[in-house]
$ cat query-v1.pdb   # PDB, C-alpha atoms
ATOM      1  CA  VAL A  11      34.149 -43.993 -73.961  1.00  0.00           C
ATOM      2  CA  PRO A  12      30.450 -44.571 -73.220  1.00  0.00           C
ATOM      3  CA  SER A  13      29.772 -47.985 -71.779  1.00  0.00           C
ATOM      4  CA  ASN A  14      27.447 -48.924 -74.651  1.00  0.00           C
ATOM      5  CA  LYS A  15      30.229 -48.174 -77.159  1.00  0.00           C
ATOM      6  CA  ILE A  16      32.712 -50.730 -75.819  1.00  0.00           C
ATOM      7  CA  ARG A  17      33.775 -53.195 -78.448  1.00  0.00           C
ATOM      8  CA  MET A  18      32.803 -56.592 -77.154  1.00  0.00           C
ATOM      9  CA  THR A  19      35.538 -58.539 -78.855  1.00  0.00           C
ATOM     10  CA  ILE A  20      35.950 -62.214 -78.092  1.00  0.00           C
ATOM     11  CA  PRO A  21      38.926 -61.572 -75.727  1.00  0.00           C
ATOM     12  CA  THR A  22      36.902 -58.890 -73.900  1.00  0.00           C
ATOM     13  CA  GLN A  23      34.024 -61.313 -73.497  1.00  0.00           C
ATOM     14  CA  LEU A  24      36.384 -64.002 -72.199  1.00  0.00           C
ATOM     15  CA  VAL A  25      37.884 -61.609 -69.656  1.00  0.00           C
ATOM     16  CA  LEU A  26      34.446 -60.507 -68.465  1.00  0.00           C
ATOM     17  CA  GLN A  27      33.242 -64.097 -68.233  1.00  0.00           C
ATOM     18  CA  ALA A  28      36.334 -64.988 -66.198  1.00  0.00           C
ATOM     19  CA  LEU A  29      35.739 -62.076 -63.845  1.00  0.00           C
ATOM     20  CA  LEU A  30      32.007 -62.787 -63.544  1.00  0.00           C
ATOM     21  CA  THR A  31      32.554 -66.369 -62.402  1.00  0.00           C
ATOM     22  CA  GLU A  32      33.352 -64.851 -58.999  1.00  0.00           C
ATOM     23  CA  PRO A  33      32.508 -61.155 -59.159  1.00  0.00           C
ATOM     24  CA  THR A  34      33.862 -60.278 -55.711  1.00  0.00           C
ATOM     25  CA  ALA A  35      37.209 -62.019 -56.206  1.00  0.00           C
ATOM     26  CA  GLU A  36      40.373 -59.999 -56.698  1.00  0.00           C
ATOM     27  CA  LEU A  37      42.727 -61.281 -59.357  1.00  0.00           C
ATOM     28  CA  TYR A  38      45.959 -59.979 -60.806  1.00  0.00           C
ATOM     29  CA  GLY A  39      46.769 -59.827 -64.500  1.00  0.00           C
ATOM     30  CA  VAL A  40      48.309 -63.260 -64.945  1.00  0.00           C
ATOM     31  CA  GLU A  41      45.499 -64.946 -63.008  1.00  0.00           C
ATOM     32  CA  ILE A  42      42.892 -63.213 -65.166  1.00  0.00           C
ATOM     33  CA  GLY A  43      44.761 -64.302 -68.293  1.00  0.00           C
ATOM     34  CA  THR A  44      44.872 -67.892 -67.097  1.00  0.00           C
ATOM     35  CA  ALA A  45      41.185 -67.871 -66.150  1.00  0.00           C
ATOM     36  CA  ALA A  46      40.224 -66.376 -69.503  1.00  0.00           C
ATOM     37  CA  GLY A  47      42.546 -68.676 -71.444  1.00  0.00           C
ATOM     38  CA  LEU A  48      44.275 -65.761 -73.126  1.00  0.00           C
ATOM     39  CA  PRO A  49      47.952 -64.892 -73.603  1.00  0.00           C
ATOM     40  CA  SER A  50      49.069 -62.681 -70.758  1.00  0.00           C
ATOM     41  CA  GLY A  51      50.069 -59.734 -72.925  1.00  0.00           C
ATOM     42  CA  THR A  52      46.578 -59.278 -74.315  1.00  0.00           C
ATOM     43  CA  ILE A  53      45.017 -58.884 -70.890  1.00  0.00           C
ATOM     44  CA  HIS A  54      46.303 -55.472 -69.858  1.00  0.00           C
ATOM     45  CA  PRO A  55      44.824 -53.434 -72.738  1.00  0.00           C
ATOM     46  CA  ILE A  56      41.421 -54.981 -72.006  1.00  0.00           C
ATOM     47  CA  LEU A  57      41.768 -54.334 -68.278  1.00  0.00           C
ATOM     48  CA  ALA A  58      42.778 -50.732 -68.980  1.00  0.00           C
ATOM     49  CA  ARG A  59      39.664 -50.185 -71.122  1.00  0.00           C
ATOM     50  CA  LEU A  60      37.386 -51.741 -68.536  1.00  0.00           C
ATOM     51  CA  GLU A  61      39.024 -49.754 -65.755  1.00  0.00           C
ATOM     52  CA  GLY A  62      38.625 -46.580 -67.774  1.00  0.00           C
ATOM     53  CA  LEU A  63      34.908 -47.331 -68.060  1.00  0.00           C
ATOM     54  CA  GLY A  64      34.661 -47.828 -64.306  1.00  0.00           C
ATOM     55  CA  TRP A  65      33.743 -51.487 -64.635  1.00  0.00           C
ATOM     56  CA  LEU A  66      36.903 -52.547 -62.809  1.00  0.00           C
ATOM     57  CA  SER A  67      38.736 -51.169 -59.827  1.00  0.00           C
ATOM     58  CA  SER A  68      42.295 -52.001 -58.951  1.00  0.00           C
ATOM     59  CA  ARG A  69      44.554 -51.683 -55.965  1.00  0.00           C
ATOM     60  CA  TRP A  70      48.061 -52.596 -54.927  1.00  0.00           C
ATOM     61  CA  GLU A  71      48.400 -55.735 -52.862  1.00  0.00           C
ATOM     62  CA  ASP A  72      48.899 -54.985 -49.198  1.00  0.00           C
ATOM     63  CA  ILE A  73      52.065 -56.925 -48.409  1.00  0.00           C
ATOM     64  CA  ASN A  74      55.499 -56.233 -47.072  1.00  0.00           C
ATOM     65  CA  PRO A  75      57.793 -56.874 -50.060  1.00  0.00           C
ATOM     66  CA  ARG A  76      60.718 -57.706 -47.801  1.00  0.00           C
ATOM     67  CA  VAL A  77      58.764 -60.430 -46.021  1.00  0.00           C
ATOM     68  CA  ALA A  78      56.991 -61.756 -49.105  1.00  0.00           C
ATOM     69  CA  GLY A  79      60.161 -61.693 -51.190  1.00  0.00           C
ATOM     70  CA  ARG A  80      58.430 -60.062 -54.133  1.00  0.00           C
ATOM     71  CA  PRO A  81      56.857 -56.711 -54.999  1.00  0.00           C
ATOM     72  CA  ALA A  82      53.183 -56.027 -54.458  1.00  0.00           C
ATOM     73  CA  ARG A  83      50.898 -57.051 -57.277  1.00  0.00           C
ATOM     74  CA  ARG A  84      48.094 -55.027 -58.772  1.00  0.00           C
ATOM     75  CA  TYR A  85      44.745 -56.682 -58.078  1.00  0.00           C
ATOM     76  CA  TYR A  86      41.613 -56.102 -60.135  1.00  0.00           C
ATOM     77  CA  ARG A  87      37.986 -56.673 -59.250  1.00  0.00           C
ATOM     78  CA  LEU A  88      34.638 -55.886 -60.808  1.00  0.00           C
ATOM     79  CA  THR A  89      32.765 -52.945 -59.383  1.00  0.00           C
ATOM     80  CA  ALA A  90      29.071 -53.421 -58.596  1.00  0.00           C
ATOM     81  CA  GLU A  91      28.133 -51.267 -61.574  1.00  0.00           C
ATOM     82  CA  GLY A  92      30.716 -53.097 -63.664  1.00  0.00           C
ATOM     83  CA  ALA A  93      29.266 -56.503 -62.821  1.00  0.00           C
ATOM     84  CA  ARG A  94      25.778 -55.369 -63.876  1.00  0.00           C
ATOM     85  CA  SER A  95      27.047 -53.707 -67.044  1.00  0.00           C
ATOM     86  CA  ALA A  96      29.226 -56.687 -67.919  1.00  0.00           C
ATOM     87  CA  GLU A  97      26.331 -59.123 -67.611  1.00  0.00           C
ATOM     88  CA  ALA A  98      24.143 -56.896 -69.776  1.00  0.00           C
ATOM     89  CA  ALA A  99      26.894 -56.426 -72.351  1.00  0.00           C
ATOM     90  CA  LEU A 100      27.601 -60.145 -72.530  1.00  0.00           C
ATOM     91  CA  ALA A 101      23.900 -60.855 -72.971  1.00  0.00           C
ATOM     92  CA  ARG A 102      23.758 -58.321 -75.814  1.00  0.00           C
ATOM     93  CA  ALA A 103      26.890 -59.720 -77.395  1.00  0.00           C
ATOM     94  CA  TYR A 104      25.612 -63.280 -77.375  1.00  0.00           C
ATOM     95  CA  ARG A 105      23.638 -63.755 -80.549  1.00  0.00           C
ATOM     96  CA  PRO A 106      22.933 -67.397 -81.245  1.00  0.00           C
ATOM     97  CA  THR A 107      23.445 -68.419 -84.838  1.00  0.00           C
ATOM     98  CA  PRO A 108      20.086 -69.068 -86.474  1.00  0.00           C
ATOM     99  CA  ALA A 109      19.502 -72.692 -87.231  1.00  0.00           C
ATOM    100  CA  PRO A 110      19.738 -73.459 -90.963  1.00  0.00           C
ATOM    101  CA  ARG A 111      16.413 -74.055 -92.603  1.00  0.00           C
ATOM    102  CA  PHE A 112      16.514 -76.985 -94.916  1.00  0.00           C
ATOM    103  CA  ARG A 113      13.700 -78.036 -97.172  1.00  0.00           C
ATOM    104  CA  PRO A 114      13.441 -81.356 -98.871  1.00  0.00           C
ATOM    105  CA  LEU A 115      14.254 -81.038-102.529  1.00  0.00           C
ATOM    106  CA  GLY A 116      11.258 -80.779-104.739  1.00  0.00           C
ATOM    107  CA  GLU A 117       8.945 -79.547-102.025  1.00  0.00           C
ATOM    108  CA  PRO A 118       6.849 -76.619-103.204  1.00  0.00           C
ATOM    109  CA  THR A 119       7.698 -73.304-101.574  1.00  0.00           C
TER
ATOM    110  CA  MET B  25      58.070 -66.584 -49.764  1.00  0.00           C
ATOM    111  CA  THR B  26      58.372 -66.480 -53.502  1.00  0.00           C
ATOM    112  CA  THR B  27      59.836 -69.483 -55.296  1.00  0.00           C
ATOM    113  CA  HIS B  28      61.044 -67.784 -58.479  1.00  0.00           C
ATOM    114  CA  ARG B  29      62.710 -64.408 -58.678  1.00  0.00           C
ATOM    115  CA  ALA B  30      62.264 -62.136 -61.644  1.00  0.00           C
ATOM    116  CA  ASN B  31      64.957 -62.468 -64.270  1.00  0.00           C
ATOM    117  CA  PRO B  32      66.789 -59.128 -64.749  1.00  0.00           C
ATOM    118  CA  TRP B  33      66.529 -59.323 -68.544  1.00  0.00           C
ATOM    119  CA  CYS B  34      62.809 -59.949 -68.353  1.00  0.00           C
ATOM    120  CA  CYS B  35      62.535 -57.000 -65.957  1.00  0.00           C
ATOM    121  CA  ARG B  36      64.275 -54.818 -68.531  1.00  0.00           C
ATOM    122  CA  ALA B  37      61.956 -56.063 -71.246  1.00  0.00           C
ATOM    123  CA  VAL B  38      58.811 -55.194 -69.284  1.00  0.00           C
ATOM    124  CA  GLU B  39      60.294 -51.830 -68.309  1.00  0.00           C
ATOM    125  CA  ALA B  40      60.829 -51.191 -72.011  1.00  0.00           C
ATOM    126  CA  ALA B  41      57.188 -52.163 -72.583  1.00  0.00           C
ATOM    127  CA  ALA B  42      56.093 -49.680 -69.921  1.00  0.00           C
ATOM    128  CA  HIS B  43      58.293 -46.987 -71.432  1.00  0.00           C
ATOM    129  CA  VAL B  44      55.970 -46.837 -74.448  1.00  0.00           C
ATOM    130  CA  LEU B  45      53.037 -45.865 -72.226  1.00  0.00           C
ATOM    131  CA  PRO B  46      51.945 -42.327 -71.358  1.00  0.00           C
ATOM    132  CA  PRO B  47      54.171 -40.814 -68.642  1.00  0.00           C
ATOM    133  CA  GLU B  48      51.459 -40.773 -65.984  1.00  0.00           C
ATOM    134  CA  ASN B  49      50.886 -44.528 -66.364  1.00  0.00           C
ATOM    135  CA  ARG B  50      54.451 -45.615 -67.007  1.00  0.00           C
ATOM    136  CA  GLU B  51      55.591 -46.174 -63.467  1.00  0.00           C
ATOM    137  CA  ARG B  52      52.471 -47.984 -62.339  1.00  0.00           C
ATOM    138  CA  TYR B  53      52.594 -50.483 -65.201  1.00  0.00           C
ATOM    139  CA  ALA B  54      56.349 -51.025 -64.872  1.00  0.00           C
ATOM    140  CA  LEU B  55      55.851 -52.005 -61.229  1.00  0.00           C
ATOM    141  CA  GLU B  56      52.808 -54.105 -62.095  1.00  0.00           C
ATOM    142  CA  PHE B  57      54.598 -55.980 -64.892  1.00  0.00           C
ATOM    143  CA  ILE B  58      57.669 -56.672 -62.781  1.00  0.00           C
ATOM    144  CA  ALA B  59      55.530 -57.935 -59.893  1.00  0.00           C
ATOM    145  CA  GLU B  60      53.829 -60.364 -62.258  1.00  0.00           C
ATOM    146  CA  LEU B  61      57.149 -61.932 -63.227  1.00  0.00           C
ATOM    147  CA  TYR B  62      57.736 -63.248 -59.742  1.00  0.00           C
ATOM    148  CA  ASP B  63      56.710 -66.856 -59.025  1.00  0.00           C
ATOM    149  CA  MET B  64      56.980 -67.716 -62.732  1.00  0.00           C
ATOM    150  CA  PRO B  65      59.487 -70.180 -64.143  1.00  0.00           C
ATOM    151  CA  LEU B  66      62.069 -68.594 -66.425  1.00  0.00           C
ATOM    152  CA  SER B  67      60.514 -69.896 -69.648  1.00  0.00           C
ATOM    153  CA  GLN B  68      57.165 -68.382 -68.680  1.00  0.00           C
ATOM    154  CA  GLN B  69      58.856 -65.119 -67.671  1.00  0.00           C
ATOM    155  CA  ILE B  70      60.446 -64.862 -71.120  1.00  0.00           C
ATOM    156  CA  ARG B  71      57.141 -65.611 -72.846  1.00  0.00           C
ATOM    157  CA  HIS B  72      55.223 -63.209 -70.604  1.00  0.00           C
ATOM    158  CA  SER B  73      57.677 -60.335 -71.040  1.00  0.00           C
ATOM    159  CA  ALA B  74      57.773 -60.856 -74.821  1.00  0.00           C
ATOM    160  CA  GLN B  75      53.982 -60.721 -74.981  1.00  0.00           C
ATOM    161  CA  LEU B  76      53.860 -57.601 -72.833  1.00  0.00           C
ATOM    162  CA  LEU B  77      56.424 -56.004 -75.104  1.00  0.00           C
ATOM    163  CA  ALA B  78      54.452 -57.000 -78.199  1.00  0.00           C
ATOM    164  CA  HIS B  79      51.181 -55.583 -76.831  1.00  0.00           C
ATOM    165  CA  ALA B  80      52.607 -52.414 -75.289  1.00  0.00           C
ATOM    166  CA  TRP B  81      51.313 -50.248 -78.106  1.00  0.00           C
ATOM    167  CA  ALA B  82      47.822 -51.724 -77.743  1.00  0.00           C
ATOM    168  CA  LEU B  83      47.928 -50.858 -74.049  1.00  0.00           C
ATOM    169  CA  ARG B  84      49.037 -47.341 -74.870  1.00  0.00           C
ATOM    170  CA  THR B  85      46.107 -46.959 -77.260  1.00  0.00           C
ATOM    171  CA  ALA B  86      43.696 -48.359 -74.681  1.00  0.00           C
ATOM    172  CA  LEU B  87      44.958 -45.938 -72.041  1.00  0.00           C
ATOM    173  CA  ALA B  88      44.729 -42.992 -74.412  1.00  0.00           C
ATOM    174  CA  GLN B  89      41.205 -43.854 -75.593  1.00  0.00           C
ATOM    175  CA  SER B  90      39.682 -44.639 -72.255  1.00  0.00           C
ATOM    176  CA  GLY B  91      40.815 -41.537 -70.386  1.00  0.00           C
ATOM    177  CA  HIS B  92      42.346 -43.767 -67.796  1.00  0.00           C
ATOM    178  CA  PRO B  93      41.815 -42.544 -64.243  1.00  0.00           C
ATOM    179  CA  HIS B  94      45.210 -43.661 -63.000  1.00  0.00           C
ATOM    180  CA  LYS B  95      47.397 -40.640 -62.824  1.00  0.00           C
ATOM    181  CA  GLU B  96      48.621 -41.598 -59.420  1.00  0.00           C
ATOM    182  CA  GLN B  97      51.934 -40.641 -57.920  1.00  0.00           C
ATOM    183  CA  THR B  98      53.766 -43.750 -56.905  1.00  0.00           C
ATOM    184  CA  MET B  99      55.943 -43.506 -53.846  1.00  0.00           C
ATOM    185  CA  THR B 100      59.548 -43.302 -54.888  1.00  0.00           C
ATOM    186  CA  LEU B 101      62.861 -43.420 -53.134  1.00  0.00           C
ATOM    187  CA  THR B 102      65.390 -40.717 -53.740  1.00  0.00           C
ATOM    188  CA  THR B 103      69.091 -41.053 -53.183  1.00  0.00           C
ATOM    189  CA  GLY B 104      69.550 -37.563 -51.836  1.00  0.00           C
ATOM    190  CA  ARG B 105      68.365 -34.027 -51.809  1.00  0.00           C
ATOM    191  CA  PRO B 106      67.789 -32.253 -55.107  1.00  0.00           C
ATOM    192  CA  LEU B 107      70.431 -29.797 -56.273  1.00  0.00           C
ATOM    193  CA  ALA B 108      68.270 -26.753 -55.488  1.00  0.00           C
ATOM    194  CA  CYS B 109      68.059 -27.908 -51.881  1.00  0.00           C
ATOM    195  CA  ARG B 110      71.800 -28.493 -51.682  1.00  0.00           C
ATOM    196  CA  LEU B 111      72.416 -24.970 -52.936  1.00  0.00           C
ATOM    197  CA  GLY B 112      70.118 -23.573 -50.266  1.00  0.00           C
ATOM    198  CA  ARG B 113      67.406 -22.478 -52.661  1.00  0.00           C
ATOM    199  CA  HIS B 114      64.934 -25.050 -51.400  1.00  0.00           C
ATOM    200  CA  ARG B 115      64.373 -26.759 -48.109  1.00  0.00           C
ATOM    201  CA  TRP B 116      63.994 -30.493 -48.063  1.00  0.00           C
ATOM    202  CA  HIS B 117      61.599 -31.928 -45.498  1.00  0.00           C
ATOM    203  CA  TRP B 118      60.009 -35.191 -44.658  1.00  0.00           C
ATOM    204  CA  VAL B 119      56.253 -34.869 -44.400  1.00  0.00           C
ATOM    205  CA  SER B 120      53.811 -37.518 -43.386  1.00  0.00           C
ATOM    206  CA  ASN B 121      50.214 -38.256 -42.633  1.00  0.00           C
ATOM    207  CA  GLU B 122      48.662 -41.430 -41.263  1.00  0.00           C
ATOM    208  CA  ASP B 123      49.092 -43.241 -44.590  1.00  0.00           C
ATOM    209  CA  THR B 124      52.306 -42.156 -46.178  1.00  0.00           C
ATOM    210  CA  ARG B 125      55.635 -40.569 -45.569  1.00  0.00           C
ATOM    211  CA  SER B 126      57.262 -38.642 -48.359  1.00  0.00           C
ATOM    212  CA  ASN B 127      59.650 -35.814 -48.940  1.00  0.00           C
ATOM    213  CA  ALA B 128      59.011 -32.439 -50.493  1.00  0.00           C
ATOM    214  CA  ALA B 129      60.895 -29.287 -51.299  1.00  0.00           C
ATOM    215  CA  TRP B 130      59.795 -25.705 -51.485  1.00  0.00           C
ATOM    216  CA  PRO B 131      61.615 -22.377 -51.792  1.00  0.00           C
ATOM    217  CA  ALA B 132      63.630 -21.524 -48.714  1.00  0.00           C
ATOM    218  CA  ASP B 133      62.231 -18.016 -48.417  1.00  0.00           C
ATOM    219  CA  ARG B 134      58.641 -19.232 -48.183  1.00  0.00           C
ATOM    220  CA  ARG B 135      56.743 -20.867 -45.386  1.00  0.00           C
ATOM    221  CA  ARG B 136      55.394 -24.384 -45.607  1.00  0.00           C
ATOM    222  CA  PRO B 137      52.790 -24.246 -48.375  1.00  0.00           C
ATOM    223  CA  PHE B 138      50.388 -26.573 -46.572  1.00  0.00           C
ATOM    224  CA  ARG B 139      48.834 -26.949 -43.197  1.00  0.00           C
ATOM    225  CA  PHE B 140      50.234 -29.373 -40.665  1.00  0.00           C
ATOM    226  CA  GLY B 141      49.158 -32.951 -41.419  1.00  0.00           C
ATOM    227  CA  THR B 142      48.083 -32.293 -44.981  1.00  0.00           C
ATOM    228  CA  PRO B 143      50.363 -33.860 -47.583  1.00  0.00           C
ATOM    229  CA  PRO B 144      51.831 -31.359 -50.009  1.00  0.00           C
ATOM    230  CA  THR B 145      51.009 -31.219 -53.672  1.00  0.00           C
ATOM    231  CA  PRO B 146      54.271 -32.070 -55.390  1.00  0.00           C
ATOM    232  CA  ALA B 147      55.461 -29.411 -57.769  1.00  0.00           C
ATOM    233  CA  PRO B 148      55.791 -30.488 -61.410  1.00  0.00           C
ATOM    234  CA  TRP B 149      59.553 -30.209 -61.316  1.00  0.00           C
ATOM    235  CA  ALA B 150      59.702 -32.270 -58.122  1.00  0.00           C
ATOM    236  CA  ALA B 151      57.491 -34.997 -59.603  1.00  0.00           C
ATOM    237  CA  ALA B 152      59.615 -35.125 -62.761  1.00  0.00           C
ATOM    238  CA  ARG B 153      62.787 -35.222 -60.722  1.00  0.00           C
ATOM    239  CA  SER B 154      61.488 -37.979 -58.463  1.00  0.00           C
ATOM    240  CA  ARG B 155      60.690 -40.066 -61.542  1.00  0.00           C
ATOM    241  CA  GLU B 156      64.200 -39.590 -62.808  1.00  0.00           C
ATOM    242  CA  ARG B 157      65.713 -40.491 -59.463  1.00  0.00           C
ATOM    243  CA  LEU B 158      64.071 -43.871 -59.071  1.00  0.00           C
ATOM    244  CA  VAL B 159      66.202 -46.333 -57.202  1.00  0.00           C
ATOM    245  CA  PRO B 160      65.738 -49.946 -58.275  1.00  0.00           C
ATOM    246  CA  GLN B 161      64.326 -52.083 -55.485  1.00  0.00           C
ATOM    247  CA  THR B 162      65.861 -55.405 -54.612  1.00  0.00           C
ATOM    248  CA  TYR B 163      63.823 -58.045 -52.842  1.00  0.00           C
TER
END

$ encode --input "query-v1.pdb" --output "structure tokens"
Amino acid sequence: VPSNKIRMTIPTQLVLQALLTEPTAELYGVEIGTAAGLPSGTIHPILARLEGLGWLSSRWEDINPRVAGRPARRYYRLTAEGARSAEAALARAYRPTPAPRFRPLGEPT
Amino acid sequence: MTTHRANPWCCRAVEAAAHVLPPENRERYALEFIAELYDMPLSQQIRHSAQLLAHAWALRTALAQSGHPHKEQTMTLTTGRPLACRLGRHRWHWVSNEDTRSNAAWPADRRRPFRFGTPPTPAPWAAARSRERLVPQTY
């Protein structure tokens, strides 16, 4: 999928905005969902698309599961190219609604 | 230490969600989904696993459309040697490099198919077998 063909849906924009608040931070799926204000199940398809485009990279958490008492999580972060592309895509996606033009009644056109 | 363990039923639900995904992504997402259940209260685990289950098909579509790069082999535990090794048709060896330690099998009448220190490329049948022989981890 070419990067200019990504569908910038509202959830995608929210995820990118959440990731761009701290572009170097690594977050796992639930944290991204909380930051974006989206239900957790909707996050992973978006992350998969962005990862497929190369905008995100992911890695397994480096912990000892026995010591931590839980399995390693998968952490996501924006790549440098991804951060630039995301900012450009968000800027393109943001189209302010034109202000309504009212005319007083009876005024000649 | 974690405060909440993953509920077994929620684990099964997210494993079912991962089962819908393409085979090369299935294991990674199953592990990822289960890891996310930890440190959640039970009510949130139920909600989270239900949402993952509901959106599994969307994830499958996203993975199929994006040509996802993750076709990684996750390290797995096996309970024993494969049948071909037990019958003497293959040899079962532990191989390791500085990062990983894994096991591999190759026909007994052939030499090691890789140089010392280089991890072997798992044969398709070995990869499929290792997926089937997953042992559930307990933490």

$ closest_atom_pairs --input "query-v1.pdb" --of "chain A" --to "chain B" --cutoff "9 Å" --atoms "only C-alpha atoms" --output "Markdown table"
| residue | atom | partner | partner_atom | distance |
| --- | --- | --- | --- | --- |
| A:Val11 | CA | B:Ser90 | CA | 5.8 |
| A:Tyr38 | CA | B:Glu60 | CA | 8.0 |
| A:Gly39 | CA | B:Glu60 | CA | 7.4 |
| A:Val40 | CA | B:Glu60 | CA | 6.8 |
| A:Pro49 | CA | B:Gln75 | CA | 7.5 |
| A:Ser50 | CA | B:His72 | CA | 6.2 |
| A:Gly51 | CA | B:Leu76 | CA | 4.4 |
| A:Thr52 | CA | B:His79 | CA | 6.4 |
| A:His54 | CA | B:Leu83 | CA | 6.4 |
| A:Pro55 | CA | B:Leu83 | CA | 4.2 |
| A:Ile56 | CA | B:Ala86 | CA | 7.5 |
| A:Leu57 | CA | B:Ala86 | CA | 9.0 |
| A:Ala58 | CA | B:Leu87 | CA | 6.1 |
| A:Arg59 | CA | B:Ser90 | CA | 5.7 |
| A:Leu60 | CA | B:Ser90 | CA | 8.3 |
| A:Glu61 | CA | B:His92 | CA | 7.1 |
| A:Gly62 | CA | B:His92 | CA | 4.7 |
| A:Leu63 | CA | B:Ser90 | CA | 6.9 |
| A:Gly64 | CA | B:Pro93 | CA | 8.9 |
| A:Trp70 | CA | B:Glu56 | CA | 8.7 |
| A:Pro75 | CA | B:Tyr163 | CA | 6.7 |
| A:Arg76 | CA | B:Tyr163 | CA | 5.9 |
| A:Val77 | CA | B:Met25 | CA | 7.2 |
| A:Ala78 | CA | B:Met25 | CA | 5.0 |
| A:Gly79 | CA | B:Tyr163 | CA | 5.4 |
| A:Arg80 | CA | B:Tyr163 | CA | 5.9 |
| A:Pro81 | CA | B:Ala59 | CA | 5.2 |
| A:Ala82 | CA | B:Ala59 | CA | 6.2 |
| A:Arg83 | CA | B:Ala59 | CA | 5.4 |
| A:Arg84 | CA | B:Glu56 | CA | 5.8 |

$ residues_around --input "query-v1.pdb" --residues "Glu36 of chain A" --least-positions-apart "4" --cutoff "12 Å" --atoms "only C-alpha atoms" --output "MDAnalysis selection string"
chainID A and resid 28:32 40:42 66:71 83:89

$ atom_distance --input "query-v1.pdb" --atom1 "atom CA of Ala96 of chain A" --atom2 "atom CA of Arg50 of chain B"
27.6 Å

$ atom_distance --input "query-v1.pdb" --atom1 "atom CA of Thr34 of chain A" --atom2 "atom CA of Thr22 of chain A"
18.5 Å

$ atom_distance --input "query-v1.pdb" --atom1 "atom CA of Asn74 of chain A" --atom2 "atom CA of Cys35 of chain B"
20.2 Å

$ decode --input "query-v1.pdb" --residues "segment 32-47 of chain A" --atoms "N, CA and C atoms" --output "PDB file, in the first residue's frame"
ATOM      1  N   GLU A  32       4.509  11.999  21.653  1.00  0.00           N
ATOM      2  CA  GLU A  32       5.884  11.712  22.085  1.00  0.00           C
ATOM      3  C   GLU A  32       6.453  10.694  21.092  1.00  0.00           C
ATOM      4  N   PRO A  33       7.006  11.191  19.998  1.00  0.00           N
ATOM      5  CA  PRO A  33       7.341  10.280  18.887  1.00  0.00           C
ATOM      6  C   PRO A  33       8.375   9.208  19.233  1.00  0.00           C
ATOM      7  N   THR A  34       9.203   9.445  20.225  1.00  0.00           N
ATOM      8  CA  THR A  34      10.241   8.452  20.543  1.00  0.00           C
ATOM      9  C   THR A  34       9.772   7.435  21.574  1.00  0.00           C
ATOM     10  N   ALA A  35       8.588   7.652  22.139  1.00  0.00           N
ATOM     11  CA  ALA A  35       8.104   6.759  23.198  1.00  0.00           C
ATOM     12  C   ALA A  35       7.670   5.418  22.610  1.00  0.00           C
ATOM     13  N   GLU A  36       7.845   4.382  23.397  1.00  0.00           N
ATOM     14  CA  GLU A  36       7.379   3.048  23.004  1.00  0.00           C
ATOM     15  C   GLU A  36       6.139   2.719  23.831  1.00  0.00           C
ATOM     16  N   LEU A  37       5.092   2.348  23.138  1.00  0.00           N
ATOM     17  CA  LEU A  37       3.832   2.038  23.810  1.00  0.00           C
ATOM     18  C   LEU A  37       3.332   0.687  23.329  1.00  0.00           C
ATOM     19  N   TYR A  38       2.613  -0.022  24.178  1.00  0.00           N
ATOM     20  CA  TYR A  38       1.988  -1.254  23.718  1.00  0.00           C
ATOM     21  C   TYR A  38       0.512  -0.994  23.409  1.00  0.00           C
ATOM     22  N   GLY A  39      -0.134  -1.973  22.825  1.00  0.00           N
ATOM     23  CA  GLY A  39      -1.455  -1.765  22.232  1.00  0.00           C
ATOM     24  C   GLY A  39      -2.462  -1.090  23.140  1.00  0.00           C
ATOM     25  N   VAL A  40      -2.562  -1.562  24.373  1.00  0.00           N
ATOM     26  CA  VAL A  40      -3.572  -1.015  25.282  1.00  0.00           C
ATOM     27  C   VAL A  40      -3.254   0.442  25.619  1.00  0.00           C
ATOM     28  N   GLU A  41      -1.966   0.735  25.789  1.00  0.00           N
ATOM     29  CA  GLU A  41      -1.575   2.124  26.092  1.00  0.00           C
ATOM     30  C   GLU A  41      -1.910   3.051  24.924  1.00  0.00           C
ATOM     31  N   ILE A  42      -1.688   2.571  23.713  1.00  0.00           N
ATOM     32  CA  ILE A  42      -2.004   3.387  22.533  1.00  0.00           C
ATOM     33  C   ILE A  42      -3.509   3.625  22.463  1.00  0.00           C
ATOM     34  N   GLY A  43      -4.282   2.561  22.746  1.00  0.00           N
ATOM     35  CA  GLY A  43      -5.736   2.690  22.738  1.00  0.00           C
ATOM     36  C   GLY A  43      -6.217   3.689  23.764  1.00  0.00           C
ATOM     37  N   THR A  44      -5.622   3.652  24.951  1.00  0.00           N
ATOM     38  CA  THR A  44      -6.012   4.592  26.000  1.00  0.00           C
ATOM     39  C   THR A  44      -5.642   6.016  25.612  1.00  0.00           C
ATOM     40  N   ALA A  45      -4.432   6.178  25.046  1.00  0.00           N
ATOM     41  CA  ALA A  45      -3.987   7.524  24.661  1.00  0.00           C
ATOM     42  C   ALA A  45      -4.841   8.083  23.526  1.00  0.00           C
ATOM     43  N   ALA A  46      -5.278   7.203  22.637  1.00  0.00           N
ATOM     44  CA  ALA A  46      -6.079   7.660  21.498  1.00  0.00           C
ATOM     45  C   ALA A  46      -7.561   7.764  21.852  1.00  0.00           C
ATOM     46  N   GLY A  47      -7.943   7.194  22.990  1.00  0.00           N
ATOM     47  CA  GLY A  47      -9.353   7.216  23.379  1.00  0.00           C
ATOM     48  C   GLY A  47     -10.204   6.296  22.538  1.00  0.00           C
TER      49      GLY A  47
END
